[in-house]
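For reference, final35.txt is printed below; it contains compact mmCIF, C-alpha atoms.
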```txt
# COMPACT_ATOMS: atom_id res chain seq x y z
CA MET T 28 0.00 0.00 0.00
CA LYS T 29 2.84 2.37 0.91
CA ARG T 30 4.64 1.55 -2.37
CA THR T 31 1.44 2.27 -4.32
CA ALA T 32 0.89 5.58 -2.56
CA PHE T 33 4.53 6.54 -3.13
CA PHE T 34 4.29 5.59 -6.80
CA LEU T 35 1.11 7.62 -7.34
CA ALA T 36 2.61 10.61 -5.56
CA ALA T 37 5.75 10.39 -7.68
CA MET T 38 3.70 10.18 -10.88
CA ALA T 39 1.65 13.22 -9.84
CA MET T 40 4.78 15.23 -9.10
CA SER T 41 6.30 14.17 -12.41
CA ALA T 42 3.19 15.24 -14.33
CA TYR T 43 3.14 18.58 -12.48
CA ALA T 44 6.82 19.17 -13.20
CA ALA T 45 6.28 18.29 -16.87
CA ALA T 46 3.39 20.74 -17.09
CA GLN T 47 5.56 23.45 -15.57
CA GLU T 48 8.36 22.61 -17.97
CA VAL T 49 6.11 22.78 -21.01
CA TYR T 50 4.81 26.13 -19.83
CA SER T 51 8.22 27.66 -19.17
CA PHE T 52 10.51 25.88 -21.62
CA GLY T 53 12.12 28.30 -24.06
CA ARG T 54 9.99 31.20 -22.89
CA GLN T 55 11.16 34.48 -21.47
CA ALA T 56 8.94 36.35 -19.05
CA THR T 57 7.36 39.19 -21.02
CA VAL T 58 5.13 41.86 -19.49
CA SER T 59 2.48 43.00 -21.92
CA PRO T 60 0.65 45.26 -21.84
CA GLU T 61 2.45 47.28 -19.17
CA ILE T 62 0.46 50.26 -17.92
CA SER T 63 2.14 53.18 -16.16
CA GLU T 64 0.75 56.51 -15.01
CA THR T 65 1.20 58.01 -18.48
CA THR T 66 1.99 55.24 -20.97
CA VAL T 67 1.09 51.78 -22.24
CA THR T 68 3.82 49.45 -23.52
CA PHE T 69 3.08 46.45 -25.73
CA ARG T 70 5.67 43.65 -26.03
CA LEU T 71 5.89 40.45 -28.05
CA GLN T 72 8.73 37.92 -28.20
CA ALA T 73 9.13 37.02 -31.88
CA PRO T 74 12.88 36.61 -32.63
CA LYS T 75 12.39 35.35 -36.18
CA ALA T 76 9.84 37.98 -37.23
CA ARG T 77 10.67 40.63 -39.83
CA GLN T 78 7.87 43.08 -39.05
CA VAL T 79 5.56 43.38 -36.02
CA SER T 80 2.79 45.86 -35.26
CA VAL T 81 -0.07 46.27 -32.79
CA SER T 82 -3.61 47.50 -33.46
CA PRO T 83 -5.17 49.01 -30.32
CA SER T 84 -8.87 49.77 -30.74
CA TRP T 85 -8.53 53.41 -29.66
CA LEU T 86 -6.75 54.16 -32.96
CA GLY T 87 -9.74 53.08 -35.02
CA TYR T 88 -10.38 50.09 -37.27
CA GLY T 89 -7.38 48.95 -39.32
CA GLN T 90 -4.87 51.33 -37.77
CA LYS T 91 -1.51 49.92 -36.66
CA LEU T 92 1.49 50.96 -34.56
CA ALA T 93 4.89 49.71 -35.76
CA MET T 94 6.93 47.92 -33.09
CA THR T 95 10.73 47.86 -32.74
CA GLU T 96 12.82 44.76 -32.07
CA GLY T 97 15.06 44.81 -29.01
CA GLU T 98 17.11 42.29 -27.06
CA ASN T 99 16.19 38.60 -27.18
CA GLY T 100 13.80 39.15 -30.07
CA ILE T 101 11.33 41.15 -27.99
CA TRP T 102 9.41 43.69 -30.05
CA SER T 103 7.89 46.67 -28.25
CA VAL T 104 6.22 50.03 -28.59
CA THR T 105 5.30 52.58 -25.92
CA VAL T 106 2.41 55.00 -26.46
CA PRO T 107 0.60 57.62 -24.35
CA LYS T 108 -2.02 56.05 -22.12
CA PRO T 109 -5.51 56.56 -23.60
CA ALA T 110 -8.58 57.72 -21.69
CA SER T 111 -10.33 55.34 -19.29
CA GLU T 112 -12.10 52.59 -21.20
CA LEU T 113 -12.07 48.87 -21.96
CA TYR T 114 -10.05 48.51 -25.18
CA THR T 115 -9.03 45.59 -27.38
CA TYR T 116 -5.98 44.91 -29.50
CA THR T 117 -4.14 42.29 -31.57
CA PHE T 118 -0.61 41.93 -32.91
CA ASN T 119 0.34 41.50 -36.56
CA VAL T 120 3.46 39.42 -37.21
CA ASP T 121 4.65 39.39 -40.82
CA GLY T 122 1.11 39.84 -42.05
CA VAL T 123 -0.50 37.33 -39.68
CA GLN T 124 -2.84 38.58 -36.94
CA THR T 125 -2.10 37.01 -33.57
CA LEU T 126 -2.96 37.36 -29.89
CA ASP T 127 -0.71 38.58 -27.11
CA PRO T 128 0.48 35.40 -25.29
CA ALA T 129 1.41 37.46 -22.23
CA ASN T 130 -2.14 38.74 -21.74
CA ILE T 131 -4.67 36.30 -20.28
CA ASP T 132 -7.58 38.64 -21.10
CA VAL T 133 -8.87 37.15 -24.37
CA GLN T 134 -12.29 38.07 -25.72
CA ARG T 135 -14.37 36.69 -28.57
CA ASP T 136 -16.24 38.98 -30.94
CA GLY T 137 -18.20 36.55 -33.14
CA PRO T 138 -15.55 34.56 -35.04
CA ARG T 139 -12.74 36.97 -34.05
CA TYR T 140 -10.52 36.65 -30.97
CA ILE T 141 -8.91 39.73 -29.44
CA ASN T 142 -7.05 40.77 -26.29
CA GLY T 143 -8.63 43.09 -23.74
CA LEU T 144 -7.01 46.08 -22.06
CA LEU T 145 -8.79 47.89 -19.24
CA ILE T 146 -7.70 51.45 -18.44
CA PRO T 147 -9.46 52.11 -15.11
CA GLY T 148 -10.99 55.35 -13.93
CA ASP T 149 -14.24 57.24 -14.44
CA TYR T 150 -17.10 55.08 -15.78
CA ALA T 151 -14.64 52.30 -16.79
CA ASP T 152 -14.38 51.41 -13.10
CA LEU T 153 -17.79 49.80 -13.56
CA TYR T 154 -16.08 47.17 -15.72
CA LYS T 155 -13.93 45.96 -12.82
CA GLU T 156 -15.08 43.34 -10.33
CA ALA T 157 -17.40 44.57 -7.58
CA GLU T 158 -17.12 43.37 -3.99
CA HIS T 159 -20.49 41.61 -4.23
CA ARG T 160 -20.75 39.58 -7.41
CA GLY T 161 -23.77 38.00 -9.06
CA ASN T 162 -23.85 34.82 -11.12
CA ILE T 163 -24.16 33.94 -14.80
CA HIS T 164 -26.24 30.84 -15.53
CA GLN T 165 -26.32 28.97 -18.85
CA ASP T 166 -29.86 27.71 -19.42
CA TRP T 167 -31.05 25.41 -22.19
CA TYR T 168 -34.74 25.89 -22.89
CA TRP T 169 -37.26 24.52 -25.35
CA SER T 170 -38.58 27.00 -27.92
CA PRO T 171 -41.88 25.76 -29.40
CA THR T 172 -41.91 28.74 -31.78
CA ASP T 173 -38.64 27.64 -33.38
CA GLY T 174 -38.87 23.92 -32.62
CA MET T 175 -35.42 24.07 -31.01
CA ASN T 176 -33.63 23.51 -27.74
CA ARG T 177 -31.67 26.75 -27.36
CA ARG T 178 -29.19 28.29 -24.93
CA MET T 179 -29.30 31.61 -23.12
CA TYR T 180 -27.31 33.29 -20.34
CA VAL T 181 -29.10 34.56 -17.24
CA TYR T 182 -27.55 37.00 -14.78
CA THR T 183 -28.81 36.80 -11.19
CA PRO T 184 -27.72 39.52 -8.75
CA TYR T 185 -25.76 39.01 -5.56
CA GLY T 186 -28.11 37.72 -2.85
CA TYR T 187 -30.64 36.44 -5.40
CA GLU T 188 -31.50 33.45 -3.21
CA LYS T 189 -32.76 35.72 -0.41
CA GLY T 190 -35.10 37.82 -2.55
CA LYS T 191 -38.11 37.39 -4.81
CA ASN T 192 -40.14 39.16 -7.50
CA TYR T 193 -37.09 40.55 -9.27
CA PRO T 194 -37.63 42.68 -12.38
CA VAL T 195 -36.17 41.32 -15.61
CA LEU T 196 -34.23 42.90 -18.47
CA TYR T 197 -34.11 40.88 -21.70
CA LEU T 198 -30.88 41.99 -23.38
CA LEU T 199 -30.18 41.23 -27.04
CA HIS T 200 -26.90 41.10 -28.95
CA GLY T 201 -26.09 42.43 -32.42
CA GLY T 202 -25.50 40.81 -35.78
CA GLY T 203 -22.55 38.44 -35.71
CA GLY T 204 -22.86 38.07 -31.94
CA ASP T 205 -24.54 35.44 -29.81
CA GLU T 206 -25.67 34.80 -26.23
CA ASP T 207 -22.10 35.19 -24.96
CA ALA T 208 -21.48 38.71 -26.31
CA TRP T 209 -23.08 40.85 -23.62
CA CYS T 210 -21.30 38.91 -20.85
CA THR T 211 -17.80 39.12 -22.33
CA LEU T 212 -17.56 42.21 -24.52
CA GLY T 213 -20.43 43.99 -22.79
CA ARG T 214 -19.27 43.34 -19.18
CA THR T 215 -22.92 42.98 -18.14
CA ARG T 216 -22.27 41.20 -14.86
CA GLN T 217 -19.62 43.67 -13.75
CA ILE T 218 -21.75 46.70 -14.70
CA LEU T 219 -24.83 45.37 -12.90
CA ASP T 220 -22.84 44.20 -9.87
CA ASN T 221 -21.26 47.63 -9.42
CA LEU T 222 -24.41 49.67 -10.02
CA ILE T 223 -26.50 47.50 -7.71
CA GLU T 224 -23.80 47.65 -5.04
CA GLN T 225 -23.73 51.45 -5.33
CA GLY T 226 -27.53 51.65 -5.10
CA LYS T 227 -27.81 53.14 -8.60
CA ALA T 228 -29.76 50.26 -10.13
CA LYS T 229 -32.37 47.90 -8.70
CA PRO T 230 -31.39 44.25 -8.27
CA MET T 231 -32.65 42.58 -11.43
CA LEU T 232 -32.22 39.56 -13.65
CA VAL T 233 -30.68 40.06 -17.08
CA VAL T 234 -31.59 37.45 -19.69
CA MET T 235 -29.22 37.25 -22.67
CA PRO T 236 -30.55 34.85 -25.31
CA ASN T 237 -29.31 33.93 -28.77
CA GLY T 238 -31.19 36.08 -31.26
CA ASN T 239 -29.93 34.42 -34.45
CA PRO T 240 -32.68 32.43 -36.18
CA GLY T 241 -31.53 28.86 -36.62
CA GLN T 242 -28.72 29.00 -34.03
CA TYR T 243 -29.12 26.65 -31.09
CA ALA T 244 -26.24 28.35 -29.29
CA ALA T 245 -22.95 30.12 -29.94
CA ASN T 246 -20.91 28.63 -32.79
CA THR T 247 -18.18 27.71 -30.31
CA LEU T 248 -20.33 24.70 -29.35
CA GLN T 249 -20.09 23.51 -32.98
CA ILE T 250 -23.79 22.67 -33.22
CA PRO T 251 -25.00 22.97 -36.83
CA THR T 252 -27.61 25.64 -37.43
CA LYS T 253 -31.17 24.74 -38.26
CA LYS T 254 -32.90 25.85 -41.42
CA ILE T 255 -35.81 28.08 -40.44
CA GLU T 256 -38.81 27.60 -42.71
CA ARG T 257 -40.64 30.70 -41.53
CA THR T 258 -40.23 33.97 -43.43
CA PHE T 259 -39.81 37.37 -41.78
CA THR T 260 -40.73 40.85 -42.94
CA ASN T 261 -37.13 41.95 -42.27
CA ASN T 262 -34.00 40.93 -40.35
CA PHE T 263 -35.19 42.73 -37.22
CA ASN T 264 -38.75 41.43 -36.93
CA ASN T 265 -37.60 37.85 -36.49
CA TYR T 266 -37.67 37.22 -32.75
CA GLN T 267 -41.22 36.35 -31.77
CA SER T 268 -39.90 33.51 -29.59
CA LEU T 269 -38.69 35.96 -26.93
CA ALA T 270 -42.18 36.91 -25.79
CA ALA T 271 -43.72 33.54 -26.69
CA ASP T 272 -41.10 31.13 -25.24
CA ILE T 273 -38.35 32.81 -23.24
CA LEU T 274 -40.51 35.05 -21.07
CA PRO T 275 -42.71 32.15 -19.82
CA TYR T 276 -39.62 30.00 -19.17
CA ILE T 277 -37.96 32.71 -17.08
CA GLU T 278 -41.11 33.39 -15.08
CA LYS T 279 -41.55 29.68 -14.38
CA THR T 280 -37.90 29.01 -13.51
CA TYR T 281 -36.71 32.10 -11.63
CA LYS T 282 -38.05 34.24 -8.78
CA VAL T 283 -39.19 37.16 -10.88
CA SER T 284 -42.09 39.57 -11.04
CA LYS T 285 -44.78 39.03 -13.64
CA LYS T 286 -45.80 42.67 -13.74
CA ARG T 287 -45.53 44.52 -17.03
CA THR T 288 -43.77 47.38 -15.26
CA ASP T 289 -41.05 44.95 -14.12
CA ARG T 290 -40.14 43.83 -17.63
CA ALA T 291 -37.73 45.51 -20.06
CA VAL T 292 -36.20 44.59 -23.40
CA ALA T 293 -33.14 46.21 -24.95
CA GLY T 294 -30.47 45.46 -27.49
CA LEU T 295 -27.71 46.74 -29.73
CA SER T 296 -27.68 47.01 -33.52
CA MET T 297 -29.67 43.98 -34.76
CA GLY T 298 -30.82 43.43 -31.17
CA GLY T 299 -31.97 47.05 -31.00
CA GLY T 300 -34.25 46.49 -33.98
CA GLN T 301 -35.48 43.24 -32.47
CA SER T 302 -36.19 45.08 -29.22
CA PHE T 303 -38.30 47.61 -31.09
CA PHE T 304 -40.51 44.91 -32.60
CA VAL T 305 -40.70 42.85 -29.38
CA ALA T 306 -41.67 45.85 -27.25
CA PHE T 307 -44.05 47.63 -29.64
CA SER T 308 -45.76 44.35 -30.58
CA ASN T 309 -46.19 43.46 -26.90
CA THR T 310 -47.01 46.68 -25.07
CA ASP T 311 -49.15 44.58 -22.71
CA LYS T 312 -46.01 42.72 -21.60
CA PHE T 313 -43.18 45.29 -21.64
CA ALA T 314 -43.11 48.75 -20.08
CA ASN T 315 -39.47 49.55 -20.84
CA VAL T 316 -37.49 49.40 -24.06
CA GLY T 317 -33.91 50.34 -24.98
CA ILE T 318 -32.81 50.63 -28.61
CA PHE T 319 -29.06 51.02 -29.16
CA SER T 320 -27.51 51.92 -32.54
CA THR T 321 -30.01 50.05 -34.67
CA GLY T 322 -29.85 49.96 -38.44
CA LEU T 323 -33.65 49.73 -38.39
CA PHE T 324 -33.76 53.46 -37.63
CA GLY T 325 -30.50 54.25 -39.37
CA GLY T 326 -31.56 53.25 -42.86
CA ASN T 327 -30.30 49.66 -43.10
CA VAL T 328 -33.69 48.16 -43.98
CA GLY T 329 -33.70 48.20 -47.78
CA ASN T 330 -31.07 50.98 -47.57
CA GLY T 331 -33.88 53.49 -47.17
CA PRO T 332 -35.26 55.61 -44.32
CA PHE T 333 -37.32 54.03 -41.56
CA ASN T 334 -40.98 53.74 -42.54
CA GLY T 335 -42.75 53.62 -39.19
CA GLU T 336 -46.24 53.13 -40.57
CA LYS T 337 -45.12 50.21 -42.71
CA GLU T 338 -43.16 48.47 -39.97
CA MET T 339 -45.65 49.17 -37.15
CA PRO T 340 -48.99 50.50 -38.46
CA GLY T 341 -50.21 53.43 -36.36
CA LEU T 342 -46.79 54.11 -34.83
CA PHE T 343 -46.96 57.83 -35.61
CA GLU T 344 -50.52 58.25 -36.93
CA ASN T 345 -52.17 56.50 -33.97
CA PRO T 346 -49.55 56.87 -31.18
CA GLN T 347 -51.94 56.18 -28.30
CA LYS T 348 -51.86 52.56 -29.46
CA TYR T 349 -48.17 52.26 -28.55
CA ASN T 350 -47.23 55.23 -26.37
CA LYS T 351 -47.47 53.28 -23.12
CA PHE T 352 -43.85 52.86 -22.04
CA ASP T 353 -42.39 53.95 -18.73
CA VAL T 354 -39.01 54.24 -20.46
CA LEU T 355 -38.43 54.57 -24.19
CA TYR T 356 -34.66 54.91 -24.50
CA ILE T 357 -32.85 55.35 -27.83
CA SER T 358 -29.13 55.92 -28.33
CA CYS T 359 -26.46 55.94 -31.01
CA GLY T 360 -22.73 56.65 -31.23
CA GLU T 361 -21.83 60.15 -32.39
CA GLN T 362 -19.61 58.77 -35.17
CA ASP T 363 -21.98 55.93 -36.12
CA ASP T 364 -23.30 56.23 -39.68
CA ARG T 365 -26.74 55.27 -38.33
CA ILE T 366 -27.09 58.46 -36.30
CA LYS T 367 -28.43 60.65 -39.14
CA GLY T 368 -31.41 58.40 -39.80
CA THR T 369 -31.96 57.83 -36.09
CA ASN T 370 -32.20 61.58 -35.49
CA VAL T 371 -35.07 61.74 -37.99
CA VAL T 372 -36.88 58.91 -36.18
CA ILE T 373 -36.37 60.67 -32.84
CA ASP T 374 -37.99 63.80 -34.24
CA ASN T 375 -40.95 61.76 -35.49
CA PHE T 376 -41.39 60.11 -32.10
CA LYS T 377 -41.34 63.47 -30.33
CA LYS T 378 -43.79 65.03 -32.78
CA ALA T 379 -46.16 62.13 -32.14
CA GLY T 380 -45.99 62.78 -28.39
CA TYR T 381 -43.68 59.99 -27.25
CA ASN T 382 -41.52 60.72 -24.21
CA VAL T 383 -38.21 59.61 -25.71
CA ILE T 384 -34.93 59.56 -23.82
CA TRP T 385 -32.33 60.24 -26.53
CA GLU T 386 -28.63 59.90 -25.69
CA THR T 387 -25.47 59.93 -27.77
CA TYR T 388 -21.94 58.98 -26.79
CA PRO T 389 -18.54 59.45 -28.47
CA GLY T 390 -17.82 56.48 -30.69
CA ALA T 391 -18.92 54.64 -33.81
CA HIS T 392 -20.68 51.26 -34.03
CA GLU T 393 -18.74 49.74 -31.14
CA TRP T 394 -18.87 48.27 -27.67
CA LYS T 395 -17.63 51.33 -25.81
CA VAL T 396 -20.92 52.99 -26.81
CA TRP T 397 -23.11 50.01 -25.97
CA ARG T 398 -21.59 49.43 -22.53
CA ARG T 399 -22.44 53.03 -21.69
CA ASN T 400 -25.94 52.52 -23.10
CA LEU T 401 -26.46 49.57 -20.78
CA THR T 402 -25.05 51.52 -17.83
CA SER T 403 -27.44 54.40 -18.45
CA PHE T 404 -30.50 52.30 -19.30
CA VAL T 405 -30.46 50.04 -16.21
CA GLN T 406 -30.37 53.13 -13.97
CA LYS T 407 -33.59 54.44 -15.54
CA ILE T 408 -35.80 51.36 -15.54
CA PHE T 409 -37.92 49.78 -12.79
CA LYS T 410 -38.14 53.00 -10.79
```
Now, as a test, write the supplied structure out as structure tokens.
Amino acid sequence: MKRTAFFLAAMAMSAYAAAQEVYSFGRQATVSPEISETTVTFRLQAPKARQVSVSPSWLGYGQKLAMTEGENGIWSVTVPKPASELYTYTFNVDGVQTLDPANIDVQRDGPRYINGLLIPGDYADLYKEAEHRGNIHQDWYWSPTDGMNRRMYVYTPYGYEKGKNYPVLYLLHGGGGDEDAWCTLGRTRQILDNLIEQGKAKPMLVVMPNGNPGQYAANTLQIPTKKIERTFTNNFNNYQSLAADILPYIEKTYKVSKKRTDRAVAGLSMGGGQSFFVAFSNTDKFANVGIFSTGLFGGNVGNGPFNGEKEMPGLFENPQKYNKFDVLYISCGEQDDRIKGTNVVIDNFKKAGYNVIWETYPGAHEWKVWRRNLTSFVQKIFK
């Protein structure tokens, strides 16, 4: 027995040592990114490379910073520290995009993988971990509308087990995204944890489903998509299963309120258009709606302006039919090409008597805008 125990212990130590060796063999400790009071330094060990650059998101899409090779094949570049925000970046080595192996913060944006870089301070402090942290659940549910068993993420706040009758926000991703997007790129849990802890938002559930017709779950699960036989009037009015299937599942499974005033739906881009149709088609179920940077308002439907009467008959000509929301929140990035068309829609809503909350933030069609949309929206609902 003693020999067996000794043998097993020796094998375990050998496996551990081998794992450590594989991790450290031939590698030099590289700090990247290194953040000081005034600068950020990127480093990459690539001794056989001919040309290396880095593309931090604050420069804008496609922009690169050339890096210089130093001792031991370590390429580096030091730049002024940007304003507080959660940024992303990748390296480019001899024409091949690659991740930073020294940075464990790796995010997925649809099929693309990128490194994260958090510059704390100001509102970006909401993206850090709070003292009291909620949970993210992965629920598989049956959707009779789609004839599919689908996955969604559900955020429950810290102390959920002790409470009841929580309000619910149904939060939708954009085109190319999936049920994982708002948790990773959107920092939903961190934002809600911090705001709830600070007393700026009510404890609530946030339901983040997959809004892509035919997708059972994120493509990372490698489940083939299903061919949807139903036809839709456009790419935004395609999510009837939220009200029909997801809402009843959540209200049966979790300790949530069933009051209309305790339900909200919001989303970005494609999800913003879906939120419009879900909310305005179900004013008896939802009292709060948030529409972030949607191409529905920005002229992406048929490449023409938004036709409210066609998409939702009576929207402007018979507003009392729909003008029942506690919060109607619309936002768009200041540099987003959808903002011009959205401004026209805002004017039409106001002329028809809707109480619209209209906010813009610096940025284009990007996550730094949508994280601030979420931060603002959750502080306004369920009051």
Please, which residues in region 143-214 of chain T fall within 6 Å of region 108-126 of chain T when counting only C-alpha atoms, and what is the closest atom pair and distance in Å to one decimal for each, ordered by chain then residue number, as CSV?
```
residue,atom,partner,partner_atom,distance
T:Gly143,CA,T:Thr115,CA,4.4
T:Leu144,CA,T:Tyr114,CA,5.0
T:Leu145,CA,T:Leu113,CA,4.4
T:Ile146,CA,T:Ser111,CA,4.8
T:Pro147,CA,T:Ser111,CA,5.4
T:Gly148,CA,T:Ser111,CA,5.4
T:Ala151,CA,T:Glu112,CA,5.1
```
Notebook entry, point to check: What is the CA of Thr183 (chain T)-CA of Trp209 (chain T) distance in Å, reported with one decimal?
Noted result: 14.3 Å
Note to self: List the spatial neighbours of Met179 (chain T) as a PyMOL selection string - criterion: any atom at most 7 Å away, only C-alpha atoms, same-chain residues fewer than 6 positions off excluded.
What the structure shows: chain T and resi 165-167+206+235-237
Restricting it to C-alpha atoms, dump the selection as a PDB file, in the frame of the given file.
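again19.pdb, freshly written:
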```pdb
ATOM      1  CA  GLN T 165     -26.320  28.970 -18.850  1.00  0.00           C
ATOM      2  CA  ASP T 166     -29.860  27.710 -19.420  1.00  0.00           C
ATOM      3  CA  TRP T 167     -31.050  25.410 -22.190  1.00  0.00           C
ATOM      4  CA  GLU T 206     -25.670  34.800 -26.230  1.00  0.00           C
ATOM      5  CA  MET T 235     -29.220  37.250 -22.670  1.00  0.00           C
ATOM      6  CA  PRO T 236     -30.550  34.850 -25.310  1.00  0.00           C
ATOM      7  CA  ASN T 237     -29.310  33.930 -28.770  1.00  0.00           C
TER       8      ASN T 237
END
```
So that all listed atoms of region 171-176 of chain T fit with 5 Å spare on each side, what axis-aligned box centre and edge lengths in Å, to one decimal, would you give as JSON?
```
{"center_x": -37.8, "center_y": 26.1, "center_z": -30.6, "size_x": 18.3, "size_y": 15.2, "size_z": 15.6}
```
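Using only C-alpha atoms, the protein and nucleic acid residues lying no more than 7 Å from region 95-107 of chain T, apart from those fewer than 2 places from it along its own chain, are T:Thr65, T:Thr66, T:Val67, T:Thr68, T:Phe69, T:Arg70, T:Leu71, T:Gln72, T:Ala73, T:Pro74, T:Ala93, T:Pro109.
Using only C-alpha atoms, the shortest contact distance between Phe352 (chain T) and any of T:Gly331, T:Pro340, T:Gly317, T:Gly87 is found at T:Gly317.
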Next item on the list: Go ahead and compute the interatomic distance for CA of Asn315 (chain T) and CA of Phe333 (chain T), in Å to one decimal.
Entry: 21.3 Å
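CA of Gly322 (chain T) is found 7.0 Å from CA of Met297 (chain T).
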